[in-house]
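Chemist: Structure: entry-v3.tsv, TSV, C-alpha atoms and all ligand atoms.
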```
chain	number	residue	atom	x	y	z
A	27	MET	CA	19.68	-15.81	34.10
A	28	THR	CA	16.14	-14.56	34.05
A	29	ASN	CA	15.25	-11.25	32.53
A	30	LYS	CA	12.74	-9.03	34.24
A	31	PHE	CA	12.13	-7.00	31.11
A	32	THR	CA	9.97	-8.08	28.19
A	33	ALA	CA	11.11	-7.76	24.57
A	34	VAL	CA	8.58	-4.93	24.22
A	35	ASP	CA	10.20	-3.14	27.17
A	36	LEU	CA	13.65	-3.44	25.63
A	37	LEU	CA	13.01	-3.19	21.89
A	38	GLY	CA	9.53	-1.74	21.39
A	39	LYS	CA	9.28	1.75	19.98
A	40	HIS	CA	6.55	4.27	19.16
A	41	GLY	CA	4.96	3.14	15.88
A	42	PHE	CA	6.47	-0.34	16.04
A	43	GLY	CA	5.26	-1.64	19.39
A	44	VAL	CA	3.46	-4.90	20.11
A	45	GLU	CA	0.25	-3.40	18.66
A	46	ASN	CA	1.75	-3.35	15.15
A	47	LEU	CA	4.11	-6.28	14.43
A	48	PRO	CA	4.43	-5.89	10.66
A	49	TYR	CA	5.99	-8.69	8.60
A	50	GLY	CA	8.85	-8.37	6.17
A	51	SER	CA	11.62	-10.17	4.39
A	52	VAL	CA	15.27	-9.32	4.96
A	53	TYR	CA	18.73	-10.29	3.80
A	54	ILE	CA	20.49	-10.70	7.12
A	55	GLU	CA	23.84	-11.25	5.44
A	56	GLU	CA	24.77	-10.32	1.92
A	57	ASN	CA	24.18	-12.91	-0.80
A	58	THR	CA	22.09	-15.20	1.33
A	59	VAL	CA	18.47	-16.18	0.87
A	60	PRO	CA	16.16	-13.68	2.60
A	61	ARG	CA	14.36	-14.63	5.81
A	62	VAL	CA	10.82	-13.88	6.90
A	63	VAL	CA	10.82	-11.54	9.90
A	64	VAL	CA	8.54	-9.49	12.12
A	65	ARG	CA	9.42	-5.97	13.21
A	66	LEU	CA	9.55	-4.86	16.84
A	67	GLY	CA	10.90	-1.34	17.30
A	68	ASP	CA	13.94	-0.96	15.09
A	69	HIS	CA	14.62	-4.69	15.04
A	70	ALA	CA	13.83	-7.44	12.57
A	71	ILE	CA	13.08	-10.65	14.47
A	72	ASP	CA	13.86	-13.83	12.52
A	73	LEU	CA	10.67	-15.90	12.79
A	74	GLY	CA	12.20	-19.25	11.85
A	75	PHE	CA	15.01	-18.80	14.35
A	76	LEU	CA	12.60	-17.69	17.08
A	77	GLU	CA	10.37	-20.71	16.48
A	78	SER	CA	13.36	-23.06	16.59
A	79	THR	CA	14.42	-21.79	20.02
A	80	ILE	CA	11.01	-21.36	21.66
A	81	GLY	CA	8.58	-23.68	19.85
A	82	GLY	CA	4.91	-23.68	20.69
A	83	LEU	CA	3.36	-23.20	17.24
A	84	SER	CA	1.13	-25.79	15.58
A	85	SER	CA	2.91	-27.70	12.82
A	86	LYS	CA	0.97	-25.80	10.17
A	87	ALA	CA	1.93	-22.42	11.64
A	88	LYS	CA	5.52	-23.59	12.11
A	89	ASP	CA	5.74	-24.46	8.41
A	90	THR	CA	4.85	-20.88	7.46
A	91	VAL	CA	7.95	-19.48	9.21
A	92	THR	CA	10.56	-22.26	9.04
A	93	ASP	CA	13.13	-21.59	6.31
A	94	GLN	CA	10.75	-19.23	4.54
A	95	PRO	CA	12.18	-16.33	2.56
A	96	THR	CA	8.88	-14.40	2.39
A	97	ILE	CA	5.34	-14.40	3.75
A	98	ASP	CA	4.09	-16.39	0.73
A	99	ALA	CA	3.49	-19.57	2.79
A	100	LEU	CA	1.83	-17.52	5.51
A	101	LEU	CA	-0.49	-15.87	2.96
A	102	ALA	CA	-1.59	-19.30	1.74
A	103	ALA	CA	-2.25	-20.61	5.26
A	104	GLY	CA	-5.32	-18.47	6.00
A	105	ARG	CA	-6.74	-16.47	8.90
A	106	PRO	CA	-6.62	-19.11	11.71
A	107	ILE	CA	-2.86	-19.47	11.22
A	108	TRP	CA	-2.39	-15.68	10.87
A	109	SER	CA	-4.14	-15.25	14.22
A	110	GLU	CA	-2.19	-18.07	15.86
A	111	LEU	CA	1.13	-16.57	14.78
A	112	ARG	CA	0.18	-13.05	15.92
A	113	ASN	CA	-1.05	-14.31	19.30
A	114	TRP	CA	2.14	-16.36	19.74
A	115	LEU	CA	4.31	-13.34	18.94
A	116	THR	CA	2.32	-11.11	21.29
A	117	HIS	CA	2.78	-13.62	24.11
A	118	ILE	CA	6.51	-14.01	23.49
A	119	PHE	CA	7.18	-10.30	23.21
A	120	THR	CA	5.33	-9.53	26.46
A	121	ASN	CA	6.70	-12.38	28.56
A	122	PRO	CA	10.07	-11.77	30.29
A	123	SER	CA	11.01	-15.45	30.13
A	124	HIS	CA	11.33	-15.19	26.32
A	125	THR	CA	13.31	-11.94	26.14
A	126	ALA	CA	16.69	-13.61	25.71
A	127	ALA	CA	15.41	-15.72	22.80
A	128	VAL	CA	13.93	-12.64	21.10
A	129	LYS	CA	17.18	-10.72	21.48
A	130	ALA	CA	19.07	-13.65	19.96
A	131	ALA	CA	16.74	-13.58	16.93
A	132	ALA	CA	16.89	-9.78	16.50
A	133	THR	CA	18.93	-7.75	14.02
A	134	SER	CA	18.83	-3.97	13.75
A	135	VAL	CA	16.84	-2.87	10.70
A	136	SER	CA	19.72	-0.55	9.84
A	137	ASP	CA	21.94	-3.63	9.36
A	138	VAL	CA	19.70	-5.51	6.92
A	139	ASN	CA	18.59	-5.11	3.32
A	140	MET	CA	14.88	-5.49	2.73
A	141	ALA	CA	13.52	-7.93	0.14
A	142	MET	CA	10.07	-8.06	-1.49
A	143	PRO	CA	7.94	-9.49	1.34
A	144	PHE	CA	5.65	-11.50	-0.95
A	145	THR	CA	5.30	-12.66	-4.54
A	146	VAL	CA	2.76	-10.36	-6.17
A	147	GLY	CA	-0.04	-12.30	-7.85
A	148	ASP	CA	-2.69	-10.45	-9.81
A	149	TYR	CA	-2.64	-6.71	-9.25
A	150	VAL	CA	-5.61	-4.37	-9.59
A	151	ASP	CA	-5.61	-0.62	-8.96
A	152	PHE	CA	-8.80	1.15	-7.86
A	153	TYR	CA	-9.98	4.77	-7.99
A	154	ALA	CA	-11.75	4.93	-4.64
A	155	SER	CA	-11.32	8.57	-3.57
A	156	GLU	CA	-14.22	10.84	-4.53
A	157	ASN	CA	-12.05	13.94	-4.09
A	158	HIS	CA	-9.33	12.51	-6.36
A	159	ALA	CA	-11.76	11.29	-9.02
A	160	THR	CA	-13.49	14.68	-8.98
A	161	ASN	CA	-10.22	16.66	-9.16
A	162	ILE	CA	-8.91	14.53	-12.03
A	163	GLY	CA	-12.25	14.66	-13.87
A	164	ARG	CA	-12.19	18.49	-13.70
A	165	ILE	CA	-8.62	18.62	-15.07
A	166	LEU	CA	-9.01	16.00	-17.82
A	167	ARG	CA	-12.64	16.64	-18.82
A	168	PRO	CA	-13.35	20.29	-17.91
A	169	ASN	CA	-16.59	20.45	-19.89
A	170	GLU	CA	-18.24	17.38	-18.34
A	171	GLU	CA	-19.51	16.26	-14.96
A	172	PRO	CA	-16.30	15.30	-13.12
A	173	LEU	CA	-17.61	11.92	-11.91
A	174	LYS	CA	-18.81	9.44	-14.52
A	175	PRO	CA	-22.29	7.94	-13.89
A	176	ASN	CA	-20.85	4.58	-12.75
A	177	TRP	CA	-18.59	6.01	-10.04
A	178	LYS	CA	-20.98	5.76	-7.07
A	179	HIS	CA	-22.29	2.36	-8.13
A	180	LEU	CA	-19.03	0.42	-8.27
A	181	PRO	CA	-15.38	0.83	-7.31
A	182	VAL	CA	-13.80	1.73	-10.67
A	183	SER	CA	-10.53	-0.08	-11.38
A	184	TYR	CA	-8.10	-1.40	-13.99
A	185	HIS	CA	-5.87	-4.46	-14.05
A	186	GLY	CA	-2.22	-3.53	-13.49
A	187	ARG	CA	1.17	-5.18	-13.91
A	188	ALA	CA	2.35	-7.42	-11.05
A	189	SER	CA	5.93	-7.88	-12.27
A	190	THR	CA	6.83	-4.22	-11.84
A	191	VAL	CA	5.69	-3.82	-8.23
A	192	PHE	CA	8.97	-2.96	-6.48
A	193	ILE	CA	10.05	-2.67	-2.89
A	194	SER	CA	10.78	0.71	-1.32
A	195	GLY	CA	14.27	1.94	-2.16
A	196	THR	CA	14.29	0.60	-5.73
A	197	PRO	CA	14.98	3.52	-8.09
A	198	VAL	CA	12.30	4.27	-10.69
A	199	ARG	CA	13.42	4.99	-14.25
A	200	ARG	CA	11.49	7.67	-16.12
A	201	PRO	CA	9.38	5.83	-18.71
A	202	LYS	CA	9.25	6.54	-22.42
A	203	GLY	CA	6.10	6.44	-24.47
A	204	ILE	CA	3.73	8.19	-26.84
A	205	ARG	CA	3.04	11.78	-25.78
A	206	PRO	CA	0.27	13.98	-27.18
A	207	GLU	CA	1.48	17.17	-28.91
A	208	LYS	CA	-0.64	20.28	-29.39
A	209	ASP	CA	-1.79	20.65	-33.03
A	210	ALA	CA	0.66	17.95	-34.17
A	211	ASN	CA	1.07	14.19	-34.34
A	212	PRO	CA	2.05	12.55	-31.06
A	213	SER	CA	5.75	12.10	-30.34
A	214	PHE	CA	7.74	9.31	-28.70
A	215	GLY	CA	10.13	10.03	-25.85
A	216	PRO	CA	10.64	10.33	-22.10
A	217	SER	CA	7.54	11.29	-20.12
A	218	ARG	CA	7.40	15.02	-19.38
A	219	LYS	CA	4.70	14.56	-16.76
A	220	LEU	CA	5.95	11.94	-14.32
A	221	ASP	CA	3.69	11.91	-11.28
A	222	ILE	CA	3.02	10.01	-8.07
A	223	GLU	CA	-0.13	8.51	-6.62
A	224	ALA	CA	-0.19	8.13	-2.83
A	225	GLU	CA	-2.25	5.03	-2.08
A	226	ILE	CA	-2.67	2.15	0.35
A	227	GLY	CA	-2.02	-1.33	-1.07
A	228	PHE	CA	-3.83	-4.40	0.28
A	229	ILE	CA	-2.36	-7.91	0.29
A	230	VAL	CA	-4.75	-10.83	-0.13
A	231	GLY	CA	-4.37	-14.27	1.41
A	232	GLY	CA	-6.24	-17.53	1.41
A	233	SER	CA	-7.91	-18.56	-1.82
A	234	ALA	CA	-11.32	-18.36	-3.44
A	235	PRO	CA	-11.18	-20.37	-6.67
A	236	GLN	CA	-14.78	-19.58	-7.55
A	237	GLY	CA	-14.60	-15.91	-6.57
A	238	GLU	CA	-17.77	-14.34	-5.15
A	239	VAL	CA	-16.11	-13.21	-1.92
A	240	SER	CA	-18.65	-11.34	0.24
A	241	LEU	CA	-17.88	-8.18	2.21
A	242	ALA	CA	-17.79	-10.23	5.44
A	243	GLU	CA	-15.59	-12.94	3.91
A	244	ALA	CA	-13.19	-10.35	2.52
A	245	ALA	CA	-12.63	-8.83	5.95
A	246	GLU	CA	-12.73	-12.11	7.87
A	247	ASN	CA	-10.79	-14.47	5.60
A	248	HIS	CA	-8.81	-12.69	2.91
A	249	LEU	CA	-7.41	-9.29	3.86
A	250	PHE	CA	-3.97	-10.10	5.26
A	251	GLY	CA	-2.41	-6.67	5.54
A	252	ALA	CA	-1.61	-3.28	4.08
A	253	VAL	CA	1.35	-1.29	2.82
A	254	LEU	CA	2.02	2.21	1.55
A	255	PHE	CA	1.82	2.27	-2.21
A	256	ASN	CA	3.11	4.74	-4.81
A	257	ASP	CA	1.47	4.12	-8.18
A	258	TRP	CA	3.86	6.14	-10.38
A	259	SER	CA	2.00	7.61	-13.33
A	260	ALA	CA	3.12	9.26	-16.60
A	261	ARG	CA	0.30	11.74	-17.15
A	262	ASP	CA	1.17	12.59	-20.77
A	263	ILE	CA	1.33	8.93	-21.80
A	264	GLN	CA	-1.84	8.30	-19.78
A	265	ALA	CA	-3.76	11.17	-21.39
A	266	PHE	CA	-3.11	9.82	-24.89
A	267	GLU	CA	-3.53	6.06	-24.26
A	268	PHE	CA	-6.41	5.78	-21.84
A	269	VAL	CA	-9.36	6.52	-24.12
A	270	PRO	CA	-11.39	4.30	-24.21
A	271	LEU	CA	-9.39	1.56	-22.43
A	272	GLY	CA	-6.63	1.64	-19.90
A	273	PRO	CA	-4.50	3.08	-18.37
A	274	ASN	CA	-1.71	0.65	-19.23
A	275	LEU	CA	1.83	1.78	-20.14
A	276	SER	CA	1.43	5.05	-18.24
A	277	LYS	CA	1.33	2.98	-15.03
A	278	SER	CA	2.93	-0.40	-15.74
A	279	PHE	CA	6.58	0.75	-15.69
A	280	ALA	CA	6.79	0.85	-11.87
A	281	SER	CA	4.82	0.85	-8.62
A	282	THR	CA	6.47	0.95	-5.18
A	283	ILE	CA	5.38	-0.67	-1.90
A	284	SER	CA	6.68	-0.05	1.60
A	285	ALA	CA	8.71	-2.96	2.96
A	286	TRP	CA	6.70	-3.79	6.10
A	287	VAL	CA	3.28	-5.44	5.77
A	288	VAL	CA	1.01	-4.11	8.52
A	289	PRO	CA	-1.38	-6.90	9.59
A	290	TRP	CA	-5.09	-6.29	9.01
A	291	GLU	CA	-5.73	-6.93	12.73
A	292	ALA	CA	-3.30	-4.14	13.65
A	293	LEU	CA	-5.70	-1.71	11.96
A	294	ASP	CA	-8.70	-2.60	14.15
A	295	ALA	CA	-8.38	0.60	16.22
A	296	ALA	CA	-8.11	2.67	13.02
A	297	ARG	CA	-11.47	1.54	11.63
A	298	VAL	CA	-13.91	4.38	10.96
A	299	MET	CA	-17.20	4.83	9.13
A	300	PRO	CA	-16.66	5.47	5.43
A	301	PRO	CA	-18.36	8.56	3.94
A	302	SER	CA	-22.16	8.37	3.70
A	303	ARG	CA	-23.36	6.72	0.51
A	304	ASP	CA	-25.28	9.02	-1.87
A	305	LYS	CA	-26.64	6.19	-4.02
A	306	ALA	CA	-28.13	2.92	-2.78
A	307	LEU	CA	-25.59	0.18	-3.37
A	308	LEU	CA	-26.32	-3.18	-4.97
A	309	PRO	CA	-26.43	-5.97	-2.37
A	310	TYR	CA	-22.89	-7.30	-2.84
A	311	LEU	CA	-21.46	-3.81	-2.17
A	312	ASP	CA	-24.03	-2.63	0.38
A	313	ASP	CA	-22.19	-1.94	3.64
A	314	SER	CA	-24.96	0.00	5.38
A	315	ASP	CA	-25.38	-2.81	7.94
A	316	ALA	CA	-21.81	-4.12	7.77
A	317	ASP	CA	-18.95	-3.47	10.16
A	318	PRO	CA	-17.29	-0.18	9.17
A	319	TYR	CA	-14.13	-0.60	7.15
A	320	GLY	CA	-13.01	2.93	6.52
A	321	LEU	CA	-9.45	3.28	7.86
A	322	ASP	CA	-7.99	6.32	9.61
A	323	ILE	CA	-4.57	6.11	7.96
A	324	SER	CA	-2.65	9.31	7.35
A	325	VAL	CA	-0.19	9.33	4.42
A	326	GLU	CA	2.45	12.07	4.27
A	327	ILE	CA	4.05	12.88	0.93
A	328	HIS	CA	7.61	14.19	0.92
A	329	ILE	CA	9.52	15.27	-2.19
A	330	ASP	CA	13.23	15.47	-1.43
A	331	ASP	CA	13.22	17.17	1.97
A	332	GLN	CA	9.86	18.94	1.58
A	333	HIS	CA	6.59	17.76	3.12
A	334	VAL	CA	4.13	18.64	0.35
A	335	SER	CA	0.86	17.00	1.44
A	336	THR	CA	-0.86	14.74	3.97
A	337	ALA	CA	-3.54	12.52	2.44
A	338	PRO	CA	-6.33	11.22	4.72
A	339	TYR	CA	-7.33	7.61	3.91
A	340	SER	CA	-10.43	8.02	6.12
A	341	THR	CA	-12.06	10.00	3.28
A	342	MET	CA	-12.02	7.08	0.80
A	343	TYR	CA	-15.50	6.35	-0.51
A	344	TRP	CA	-14.96	2.65	-1.20
A	345	THR	CA	-13.54	0.28	1.45
A	346	ALA	CA	-11.04	-2.56	1.03
A	347	PRO	CA	-13.72	-5.26	1.54
A	348	GLN	CA	-15.87	-3.59	-1.13
A	349	MET	CA	-12.95	-3.57	-3.55
A	350	LEU	CA	-12.27	-7.28	-2.97
A	351	ALA	CA	-15.98	-8.18	-3.18
A	352	HIS	CA	-16.25	-6.24	-6.43
A	353	MET	CA	-13.27	-7.84	-8.12
A	354	THR	CA	-14.55	-11.36	-7.39
A	355	VAL	CA	-18.32	-10.93	-7.89
A	356	ASN	CA	-18.11	-12.20	-11.48
A	357	GLY	CA	-16.46	-15.47	-10.42
A	358	ALA	CA	-12.88	-14.26	-10.80
A	359	ALA	CA	-10.63	-16.28	-8.49
A	360	ILE	CA	-8.32	-14.91	-5.85
A	361	ARG	CA	-5.03	-16.51	-4.89
A	362	PRO	CA	-2.59	-15.84	-2.06
A	363	GLY	CA	-0.40	-12.87	-3.00
A	364	ASP	CA	-3.04	-11.03	-5.00
A	365	PHE	CA	-2.66	-7.32	-4.45
A	366	PHE	CA	-4.78	-4.24	-4.97
A	367	GLY	CA	-4.21	-0.50	-4.67
A	368	SER	CA	-6.84	1.81	-3.24
A	369	GLY	CA	-6.40	4.54	-5.80
A	370	THR	CA	-4.92	7.94	-5.06
A	371	ILE	CA	-5.91	9.29	-1.66
A	372	SER	CA	-7.02	12.91	-1.77
A	373	GLY	CA	-8.85	14.81	0.95
A	374	SER	CA	-11.04	17.84	0.41
A	375	GLU	CA	-8.35	20.41	1.25
A	376	PRO	CA	-5.55	21.64	-1.03
A	377	ASN	CA	-2.85	20.31	1.31
A	378	GLN	CA	-4.43	16.82	1.32
A	379	ARG	CA	-3.95	15.90	-2.34
A	380	GLY	CA	-2.25	12.65	-3.31
A	381	SER	CA	-0.85	13.46	-6.76
A	382	LEU	CA	1.17	16.29	-8.32
A	383	MET	CA	-1.45	16.63	-11.05
A	384	GLU	CA	-3.94	17.69	-8.38
A	385	MET	CA	-1.49	19.72	-6.26
A	386	THR	CA	-0.45	21.80	-9.30
A	387	LEU	CA	-3.92	21.93	-10.92
A	388	GLY	CA	-2.70	20.07	-13.98
A	389	GLY	CA	0.63	21.94	-14.05
A	390	LYS	CA	-0.83	25.46	-13.74
A	391	VAL	CA	0.40	26.16	-10.19
A	392	PRO	CA	3.92	24.75	-9.80
A	393	LEU	CA	5.57	23.71	-6.56
A	394	ILE	CA	8.98	25.05	-5.57
A	395	ALA	CA	11.76	22.47	-5.28
A	396	SER	CA	14.36	22.52	-2.50
A	397	THR	CA	16.76	23.92	-5.14
A	398	GLY	CA	14.46	26.94	-5.58
A	399	GLU	CA	13.31	25.88	-9.05
A	400	ASN	CA	9.65	25.50	-9.97
A	401	PHE	CA	8.35	22.06	-10.85
A	402	SER	CA	4.92	20.67	-11.68
A	403	TYR	CA	5.92	17.07	-12.38
A	404	LEU	CA	8.92	15.08	-11.17
A	405	ARG	CA	12.43	15.89	-12.29
A	406	ASP	CA	15.23	13.34	-12.63
A	407	GLY	CA	16.98	12.84	-9.31
A	408	GLN	CA	14.02	13.81	-7.14
A	409	GLN	CA	13.16	11.45	-4.32
A	410	VAL	CA	9.56	10.76	-3.31
A	411	THR	CA	8.84	9.35	0.14
A	412	LEU	CA	5.47	8.34	1.58
A	413	ARG	CA	5.18	7.92	5.36
A	414	GLY	CA	2.06	6.49	6.93
A	415	SER	CA	0.56	5.99	10.36
A	416	ALA	CA	-2.73	5.06	11.97
A	417	PRO	CA	-4.07	5.05	15.52
A	418	GLY	CA	-3.52	1.81	17.43
A	419	PRO	CA	-5.14	0.67	20.69
A	420	GLY	CA	-4.84	3.12	23.61
A	421	GLU	CA	-2.26	5.78	22.90
A	422	SER	CA	-0.29	3.63	20.48
A	423	ILE	CA	0.50	4.40	16.86
A	424	ILE	CA	0.71	1.92	14.01
A	425	SER	CA	3.53	3.01	11.70
A	426	PHE	CA	3.74	1.92	8.07
A	427	GLY	CA	7.35	3.07	7.82
A	428	GLU	CA	8.40	4.51	4.47
A	429	CYS	CA	7.81	3.98	0.78
A	430	THR	CA	10.60	5.78	-1.05
A	431	ALA	CA	12.23	5.90	-4.46
A	432	THR	CA	14.39	8.21	-6.55
A	433	VAL	CA	13.70	9.07	-10.19
A	434	LEU	CA	16.39	7.98	-12.67
A	435	PRO	CA	16.67	9.60	-16.12
A	436	ALA	CA	15.13	7.78	-19.08
A	437	THR	CA	17.47	5.46	-20.99
B	1	MN	MN	-3.39	4.57	-8.99
```
As a first step, turn the structure in this file into structure tokens.

Modeler:
Amino acid sequence: MTNKFTAVDLLGKHGFGVENLPYGSVYIEENTVPRVVVRLGDHAIDLGFLESTIGGLSSKAKDTVTDQPTIDALLAAGRPIWSELRNWLTHIFTNPSHTAAVKAAATSVSDVNMAMPFTVGDYVDFYASENHATNIGRILRPNEEPLKPNWKHLPVSYHGRASTVFISGTPVRRPKGIRPEKDANPSFGPSRKLDIEAEIGFIVGGSAPQGEVSLAEAAENHLFGAVLFNDWSARDIQAFEFVPLGPNLSKSFASTISAWVVPWEALDAARVMPPSRDKALLPYLDDSDADPYGLDISVEIHIDDQHVSTAPYSTMYWTAPQMLAHMTVNGAAIRPGDFFGSGTISGSEPNQRGSLMEMTLGGKVPLIASTGENFSYLRDGQQVTLRGSAPGPGESIISFGECTATVLPAT
């Protein structure tokens, strides 16, 4: 029986149409090994199963999806294979003769549990929003210039902890640590200032054992995809520990990624010019003649059932290729699965801030919880959800889905 409808006709949905095709890893049945999948509409399509029924991939591309629990093998394979797989999927999903095979490989996303889509290698977190860096500088260092002299010359960053990057849905336990006390010695205990940082995370593929990845090479060869990223932060622990090095323990207890990895190519229609550069950039960061790599991604922040802010990624001063070029310019290697966060996204308006510290002006102007109580930082039991989207080709939307977690009390 031939089908006159394509898989996109039957399964595609606003946000998760053929323009997006994010990758993930799912447990299709309980207690089995996860399977690498691609999302179309509200369905997870098993890539290994699809390949086994349709064929048509090169042997190298086939190896990245056959019996693979995650996208790790795909990340290692490099851009030509990423493009081959995406083109193959686009063809299959838009050709009626393959609809039956797609339906046979599809499971509703509501019937699966998501797994970490990749093994996180080295993890670096940046500080690429001028609005955020300025807001935080004013709160933490009120008597100084908010931006340090280096800020417009390099994308400021710190090395984070890969082993505590968790998938959306994993609860986050309130961390304990050393907290500053007014006119007294510091104390040890649960953080009183647990905060969020709404960011975009970038997943790196291919390898560069000698580092020195140029802006063009970063975009062309190494940026595989993007996820929503919540870089949970304990502001009291951070304030005490981070002078002159760090942050470390105020961040390393947990970071959360969304489950679906949006391919770099799916963001082509979202590319915009980054803000104009006030200082001339050194050659390895100079993007004045490069393709623009600002990204028009909008990130909504919800706490419990309240929408508290919408952070515009298009305002970020430093681009993803600049961040990757910077972290390798000294010869530092990259490996498949390396990951970096953009830094908190904050726009210029009060309702565009990406952290509670900024929304509440350092705790001075509390928010009102759905229970009616005031809060400046997160309370136990609160749930934080990021939702992201970007323009796709034509009228389409590229959805990032959700990045969500609930705060558990300290042990
Ligand atoms: Mn951060």

Chemist: For a quick check of your reading of the model, name the residues lying within 10 Å of the coordinate (-13.6, -2.5, 4.9), counting only C-alpha atoms, and write them as a PDB file with C-alpha atoms, keeping the file's coordinate frame.

Modeler:
```pdb
ATOM      1  CA  LEU A 241     -17.880  -8.180   2.210  1.00  0.00           C
ATOM      2  CA  ALA A 242     -17.790 -10.230   5.440  1.00  0.00           C
ATOM      3  CA  ALA A 244     -13.190 -10.350   2.520  1.00  0.00           C
ATOM      4  CA  ALA A 245     -12.630  -8.830   5.950  1.00  0.00           C
ATOM      5  CA  LEU A 249      -7.410  -9.290   3.860  1.00  0.00           C
ATOM      6  CA  ARG A 297     -11.470   1.540  11.630  1.00  0.00           C
ATOM      7  CA  VAL A 298     -13.910   4.380  10.960  1.00  0.00           C
ATOM      8  CA  MET A 299     -17.200   4.830   9.130  1.00  0.00           C
ATOM      9  CA  PRO A 300     -16.660   5.470   5.430  1.00  0.00           C
ATOM     10  CA  ASP A 313     -22.190  -1.940   3.640  1.00  0.00           C
ATOM     11  CA  ALA A 316     -21.810  -4.120   7.770  1.00  0.00           C
ATOM     12  CA  ASP A 317     -18.950  -3.470  10.160  1.00  0.00           C
ATOM     13  CA  PRO A 318     -17.290  -0.180   9.170  1.00  0.00           C
ATOM     14  CA  TYR A 319     -14.130  -0.600   7.150  1.00  0.00           C
ATOM     15  CA  GLY A 320     -13.010   2.930   6.520  1.00  0.00           C
ATOM     16  CA  LEU A 321      -9.450   3.280   7.860  1.00  0.00           C
ATOM     17  CA  TRP A 344     -14.960   2.650  -1.200  1.00  0.00           C
ATOM     18  CA  THR A 345     -13.540   0.280   1.450  1.00  0.00           C
ATOM     19  CA  ALA A 346     -11.040  -2.560   1.030  1.00  0.00           C
ATOM     20  CA  PRO A 347     -13.720  -5.260   1.540  1.00  0.00           C
ATOM     21  CA  GLN A 348     -15.870  -3.590  -1.130  1.00  0.00           C
ATOM     22  CA  MET A 349     -12.950  -3.570  -3.550  1.00  0.00           C
ATOM     23  CA  LEU A 350     -12.270  -7.280  -2.970  1.00  0.00           C
TER      24      LEU A 350
END
```

Chemist: Produce as a list in words the set of residues near ligand MN 1 (chain B), where near means within 9 Å with only C-alpha atoms and all ligand atoms considered.

Modeler: Asp151, Phe152, Tyr153, Ser183, Ile222, Glu223, Ala224, Glu225, Phe255, Asn256, Asp257, Trp258, Ser259, Lys277, Gly367, Ser368, Gly369 and Thr370 of chain A

Chemist: Only C-alpha atoms, please: the residues just picked out, written as a PDB file, in the frame of the given file.

Modeler:
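And here is the file that came out, out_3.pdb:
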```pdb
ATOM      1  CA  ASP A 151      -5.610  -0.620  -8.960  1.00  0.00           C
ATOM      2  CA  PHE A 152      -8.800   1.150  -7.860  1.00  0.00           C
ATOM      3  CA  TYR A 153      -9.980   4.770  -7.990  1.00  0.00           C
ATOM      4  CA  SER A 183     -10.530  -0.080 -11.380  1.00  0.00           C
ATOM      5  CA  ILE A 222       3.020  10.010  -8.070  1.00  0.00           C
ATOM      6  CA  GLU A 223      -0.130   8.510  -6.620  1.00  0.00           C
ATOM      7  CA  ALA A 224      -0.190   8.130  -2.830  1.00  0.00           C
ATOM      8  CA  GLU A 225      -2.250   5.030  -2.080  1.00  0.00           C
ATOM      9  CA  PHE A 255       1.820   2.270  -2.210  1.00  0.00           C
ATOM     10  CA  ASN A 256       3.110   4.740  -4.810  1.00  0.00           C
ATOM     11  CA  ASP A 257       1.470   4.120  -8.180  1.00  0.00           C
ATOM     12  CA  TRP A 258       3.860   6.140 -10.380  1.00  0.00           C
ATOM     13  CA  SER A 259       2.000   7.610 -13.330  1.00  0.00           C
ATOM     14  CA  LYS A 277       1.330   2.980 -15.030  1.00  0.00           C
ATOM     15  CA  GLY A 367      -4.210  -0.500  -4.670  1.00  0.00           C
ATOM     16  CA  SER A 368      -6.840   1.810  -3.240  1.00  0.00           C
ATOM     17  CA  GLY A 369      -6.400   4.540  -5.800  1.00  0.00           C
ATOM     18  CA  THR A 370      -4.920   7.940  -5.060  1.00  0.00           C
TER      19      THR A 370
END
```

Chemist: Distance table requested - region 259-317 of chain A against region 94-98 of chain A, cut-off 12 Å, only C-alpha atoms: one row per qualifying residue with the closest atom pair and its distance in Å to one decimal, ordered by chain and rising residue number, as CSV.

Modeler:
```
residue,atom,partner,partner_atom,distance
A:Ala285,CA,A:Thr96,CA,11.5
A:Trp286,CA,A:Ile97,CA,11.0
A:Val287,CA,A:Ile97,CA,9.4
A:Pro289,CA,A:Ile97,CA,11.6
```

Chemist: Quick one: distance from CA of Arg261 (chain A) to CA of Ser324 (chain A) in Å, one decimal?

Modeler: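 CA of Ser324 (chain A) lies at a distance of 24.8 Å from CA of Arg261 (chain A).
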
Chemist: Quick one: of A:Ile360, A:Ile263, A:Ala130, A:Ile80, who's nearest to Ser213 (chain A), counting only C-alpha atoms?

Modeler: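 Of A:Ile360, A:Ile263, A:Ala130, A:Ile80, the one nearest Ser213 (chain A) is A:Ile263, counting only C-alpha atoms.
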
Chemist: Using all atoms listed in the file for the distances, tell me which of A:Val230, A:Ala295, A:Ala280, A:Ile329 is nearest to Ala103 (chain A).

Modeler: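 The shortest atom-to-atom distance to Ala103 (chain A) comes from A:Val230.
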
Chemist: I need the residue nearest Met342 (chain A) from this list: A:Pro309, A:Pro181, A:Gly215, A:Pro435. Use only C-alpha atoms for the distance.

Modeler: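 Smallest distance to Met342 (chain A) is found for A:Pro181.
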
Chemist: Figure out the distance between CA of Cys429 (chain A) and CA of Ala102 (chain A), please, to one decimal in Å.

Modeler: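 Answer for the CA of Ala102 (chain A) to CA of Cys429 (chain A) separation: 25.1 Å.
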
Chemist: Would you kindly return, as a list in words, each protein, DNA or RNA residue with an atom no farther than 7 Å from any atom of Thr120 (chain A), considering all atoms listed in the file and excluding same-chain residues fewer than 5 positions away?

Modeler: Thr32, Ala33 and Val34 of chain A
